[in-house]
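Worksheet: the structure to be examined is printed underneath.
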Amino acid sequence: MKAKKIDFSDAAIDTLYVITGILFCGFALKGFLVPNQFFDGGVTGISLLIHEIYHINIAYVIILANVPFIIMGAYHVNRSFAWKTFGCIVGLAVCLLFVPYPVITSDKLLVSIFGGVFMGLGVGLSMRAGCALDGIEVLALYTLKRSGLTISEIIFGINIVIFLIAALQLGLPTALYSILTYYTASRTINFVIEGLEEYTGVTIISGQSQLIKEKLVVELGRGITVYKGERGFLKDNFNFSQPCDIVFTVITRLEVRRMRNVVHEIDPKAFIFTNTIKEAAGGVLKKRARH
């Protein structure tokens, strides 16, 4: 019974993410992009381009443009993903047909920025629910298996073609503003997926490593890994060095300032550097949402 309650709760949250994502994408398209002949990247960008050139209703174009990638996703991801993605795309088409979104602005800069933000929110929320409102990632996965390129390079190449066609058909300024829309959308997607709790790896080198280790574990509740190293090797005294513990830990982005304050209270001269970690699991990590 408990497992069923958890599954029901997860399904309800996923459904809420999908509905909210569809509404945001519909708002971005009808409130900003379509009325101003702007574009995005990926399959959505292809759909907008077809809509502008052939004047076919954008709702129908989005379904037709995504169907091949949904079928591809059933084979290269899984059928559950394909069905959920198909439901998302149909939901977006229904939203575009029947929800009376107002046209917000015709200012090109506002359209390119906020159209991208709302599009990114919609796509990001749908991805957190385990599906997609754009099939370009599926195409990239398919191409990845048949070339030496990375997914980012493949998506970048596809989008270059889209924006080149847009520049030839509708003018260079529109294409340039659309690139800004795509960039804003992609950054927003990253923020929605990673969230405020994007993990950060922290490396600390200090002569007071014993106290720092104790503070991190006991007071902050962080798990740590210790590397054995040497510190010293200064320009004026290169031959002098001493063994030290190099402390590594993983924290959320919101905890970075607190961790630095704790370390600098112990050793103001401690050397600290951080790096972003896209994925982390296991060990002693602060729990995040399953998405």
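Each chain in the structure tokens gets a letter, A, B, ..., in the order shown, and its residues are numbered from 1; ligands are numbered from 1 in order too.
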Would you pick out the contacts of A:Ile104 at 12 Å or less, using only C-alpha atoms, so that residues sharing its chain but fewer than 4 positions from it are not included, and give the list as a PyMOL selection string? chain A and resi 27-36+108+110-111+114-115
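Taking atom CA of A:Phe38 and atom CA of A:Ile189 as the two end points, the separation is 18.6 Å.
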Test item: residues at most 10 Å from A:Leu92, only C-alpha atoms, excluding those fewer than 2 positions along its chain, as number ranges by chain: A: 18-19, 21-26, 59, 62-63, 86-90, 94-97, 133
Residues from last step as file, N, CA and C atoms, as an mmCIF file, in the first residue's frame:
```cif
data_model
loop_
_atom_site.group_PDB
_atom_site.id
_atom_site.type_symbol
_atom_site.label_atom_id
_atom_site.label_comp_id
_atom_site.auth_asym_id
_atom_site.auth_seq_id
_atom_site.Cartn_x
_atom_site.Cartn_y
_atom_site.Cartn_z
ATOM 1 N N VAL A 18 3.869 18.214 -16.267
ATOM 2 C CA VAL A 18 3.551 18.179 -17.694
ATOM 3 C C VAL A 18 2.528 19.252 -18.053
ATOM 4 N N ILE A 19 1.455 19.349 -17.273
ATOM 5 C CA ILE A 19 0.415 20.344 -17.562
ATOM 6 C C ILE A 19 0.977 21.752 -17.478
ATOM 7 N N GLY A 21 4.109 22.616 -17.822
ATOM 8 C CA GLY A 21 5.044 22.782 -18.938
ATOM 9 C C GLY A 21 4.326 23.072 -20.246
ATOM 10 N N ILE A 22 3.230 22.382 -20.497
ATOM 11 C CA ILE A 22 2.452 22.617 -21.722
ATOM 12 C C ILE A 22 1.897 24.037 -21.745
ATOM 13 N N LEU A 23 1.373 24.496 -20.608
ATOM 14 C CA LEU A 23 0.820 25.851 -20.536
ATOM 15 C C LEU A 23 1.899 26.908 -20.764
ATOM 16 N N PHE A 24 3.085 26.690 -20.206
ATOM 17 C CA PHE A 24 4.189 27.632 -20.416
ATOM 18 C C PHE A 24 4.616 27.659 -21.884
ATOM 19 N N CYS A 25 4.742 26.474 -22.497
ATOM 20 C CA CYS A 25 5.152 26.424 -23.902
ATOM 21 C C CYS A 25 4.109 27.081 -24.802
ATOM 22 N N GLY A 26 2.836 26.815 -24.521
ATOM 23 C CA GLY A 26 1.771 27.452 -25.289
ATOM 24 C C GLY A 26 1.820 28.960 -25.163
ATOM 25 N N ALA A 59 -0.224 24.109 -34.452
ATOM 26 C CA ALA A 59 -0.596 22.964 -33.612
ATOM 27 C C ALA A 59 -0.436 21.658 -34.385
ATOM 28 N N ILE A 62 3.385 20.901 -35.203
ATOM 29 C CA ILE A 62 4.171 20.391 -34.072
ATOM 30 C C ILE A 62 3.962 18.888 -33.896
ATOM 31 N N ILE A 63 2.725 18.417 -34.050
ATOM 32 C CA ILE A 63 2.467 16.981 -33.929
ATOM 33 C C ILE A 63 3.175 16.220 -35.043
ATOM 34 N N PHE A 86 4.444 11.601 -26.554
ATOM 35 C CA PHE A 86 3.327 11.776 -27.484
ATOM 36 C C PHE A 86 2.164 12.489 -26.800
ATOM 37 N N GLY A 87 1.879 12.110 -25.553
ATOM 38 C CA GLY A 87 0.819 12.773 -24.793
ATOM 39 C C GLY A 87 1.126 14.246 -24.585
ATOM 40 N N CYS A 88 2.392 14.554 -24.292
ATOM 41 C CA CYS A 88 2.806 15.947 -24.113
ATOM 42 C C CYS A 88 2.608 16.762 -25.388
ATOM 43 N N ILE A 89 3.019 16.191 -26.516
ATOM 44 C CA ILE A 89 2.923 16.905 -27.790
ATOM 45 C C ILE A 89 1.457 17.146 -28.159
ATOM 46 N N VAL A 90 0.615 16.124 -27.989
ATOM 47 C CA VAL A 90 -0.816 16.285 -28.280
ATOM 48 C C VAL A 90 -1.429 17.325 -27.333
ATOM 49 N N VAL A 94 -3.345 20.763 -28.446
ATOM 50 C CA VAL A 94 -4.696 21.122 -27.959
ATOM 51 C C VAL A 94 -4.666 22.491 -27.297
ATOM 52 N N CYS A 95 -3.610 22.724 -26.510
ATOM 53 C CA CYS A 95 -3.446 24.016 -25.837
ATOM 54 C C CYS A 95 -3.347 25.150 -26.862
ATOM 55 N N LEU A 96 -2.580 24.942 -27.921
ATOM 56 C CA LEU A 96 -2.423 25.965 -28.946
ATOM 57 C C LEU A 96 -3.716 26.217 -29.712
ATOM 58 N N LEU A 97 -4.546 25.182 -29.845
ATOM 59 C CA LEU A 97 -5.798 25.321 -30.581
ATOM 60 C C LEU A 97 -6.886 26.032 -29.782
ATOM 61 N N LEU A 133 9.013 17.817 -24.787
ATOM 62 C CA LEU A 133 8.167 18.608 -25.682
ATOM 63 C C LEU A 133 8.902 18.942 -26.975
#
```
Those of stretch 74-282 of chain A in DSSP strand (DSSP E), formatted as a PyMOL selection string: chain A and resi 199-205+224-232+241-252+271-277
Take the residues from that selection and put them in a file with C-alpha atoms, as a PDB file, in the first residue's frame.
```pdb
ATOM      1  CA  TYR A 199      25.799  19.855  -6.866  1.00  0.00           C
ATOM      2  CA  THR A 200      29.203  21.457  -6.460  1.00  0.00           C
ATOM      3  CA  GLY A 201      32.452  19.604  -5.848  1.00  0.00           C
ATOM      4  CA  VAL A 202      34.751  21.355  -3.374  1.00  0.00           C
ATOM      5  CA  THR A 203      38.479  20.654  -2.900  1.00  0.00           C
ATOM      6  CA  ILE A 204      40.218  22.077   0.184  1.00  0.00           C
ATOM      7  CA  ILE A 205      43.981  22.166   0.793  1.00  0.00           C
ATOM      8  CA  ILE A 224      34.228  13.702   2.676  1.00  0.00           C
ATOM      9  CA  THR A 225      36.976  11.966   0.747  1.00  0.00           C
ATOM     10  CA  VAL A 226      40.621  12.498   1.714  1.00  0.00           C
ATOM     11  CA  TYR A 227      43.556  12.366  -0.696  1.00  0.00           C
ATOM     12  CA  LYS A 228      47.107  12.185   0.584  1.00  0.00           C
ATOM     13  CA  GLY A 229      49.263  14.917  -0.887  1.00  0.00           C
ATOM     14  CA  GLU A 230      52.054  17.413  -0.269  1.00  0.00           C
ATOM     15  CA  ARG A 231      51.893  21.164   0.157  1.00  0.00           C
ATOM     16  CA  GLY A 232      54.654  23.727  -0.136  1.00  0.00           C
ATOM     17  CA  SER A 241      57.214  20.558   1.396  1.00  0.00           C
ATOM     18  CA  GLN A 242      55.162  18.696   3.955  1.00  0.00           C
ATOM     19  CA  PRO A 243      52.454  16.015   3.757  1.00  0.00           C
ATOM     20  CA  CYS A 244      48.849  17.127   3.962  1.00  0.00           C
ATOM     21  CA  ASP A 245      45.315  15.808   3.574  1.00  0.00           C
ATOM     22  CA  ILE A 246      43.464  17.109   0.524  1.00  0.00           C
ATOM     23  CA  VAL A 247      39.775  17.163   1.418  1.00  0.00           C
ATOM     24  CA  PHE A 248      37.086  16.695  -1.216  1.00  0.00           C
ATOM     25  CA  THR A 249      33.345  16.989  -0.597  1.00  0.00           C
ATOM     26  CA  VAL A 250      30.152  17.451  -2.588  1.00  0.00           C
ATOM     27  CA  ILE A 251      27.596  20.064  -1.515  1.00  0.00           C
ATOM     28  CA  THR A 252      24.708  21.970  -3.041  1.00  0.00           C
ATOM     29  CA  PHE A 271      43.130  26.995  -0.734  1.00  0.00           C
ATOM     30  CA  ILE A 272      39.583  26.193  -1.939  1.00  0.00           C
ATOM     31  CA  PHE A 273      38.335  25.556  -5.445  1.00  0.00           C
ATOM     32  CA  THR A 274      34.973  24.377  -6.711  1.00  0.00           C
ATOM     33  CA  ASN A 275      33.605  22.726  -9.835  1.00  0.00           C
ATOM     34  CA  THR A 276      30.082  21.970 -11.020  1.00  0.00           C
ATOM     35  CA  ILE A 277      28.879  18.378 -10.887  1.00  0.00           C
TER      36      ILE A 277
END
```
Atom CA of A:Val99 and atom CA of A:Asn57 are how many Å apart? 14.3 Å
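Comparing the minimum interatomic distances between A:Ala65 and each of A:Pro268, A:Gly124, A:Gly171, A:Gly135, counting only C-alpha atoms, we find that A:Gly135 sits nearest.
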If you run DSSP on this backbone, which residues of stretch 35-208 of chain A come out as alpha helix (DSSP H), and could you give them as a ChimeraX atom specification? /A:42-54,58-76,79-98,108-128,136-144,151-170,172-194
Nearest residue to A:Gly207 out of A:Ile56, A:Val263, A:Tyr101, A:Ile165, using only C-alpha atoms?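 Among the listed residues, the smallest separation from A:Gly207 belongs to A:Val263.
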If you count only C-alpha atoms, the residue of A:Gly73, A:Arg187, A:Phe98, A:Tyr54 closest to A:Val117 turns out to be A:Arg187
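As for atom CA of A:Ser9 and atom CA of A:Ile70, they are spaced 26.1 Å apart.
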Closest to A:Phe69 among A:Leu49, A:Ile136, A:Ile266, A:Leu234, using only C-alpha atoms? A:Ile136
Pick out the residues sitting within 7 Å of A:Ala132, and hand them over as a list of chain:residue names; count only C-alpha atoms, and ignore anything fewer than 2 positions along from it in its own chain. A:Thr85, A:Val123, A:Ser126, A:Met127, A:Asp134, A:Gly135
Could you save those same residues with C-alpha atoms as a compact mmCIF listing (two decimals), in the first residue's frame?
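What ended up in out_19.txt:
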```txt
# COMPACT_ATOMS: atom_id res chain seq x y z
CA THR A 85 6.15 12.37 -25.01
CA VAL A 123 10.42 22.12 -21.88
CA SER A 126 8.26 18.28 -19.07
CA MET A 127 11.78 16.81 -18.95
CA ASP A 134 10.87 18.57 -28.35
CA GLY A 135 12.24 15.49 -30.10
```
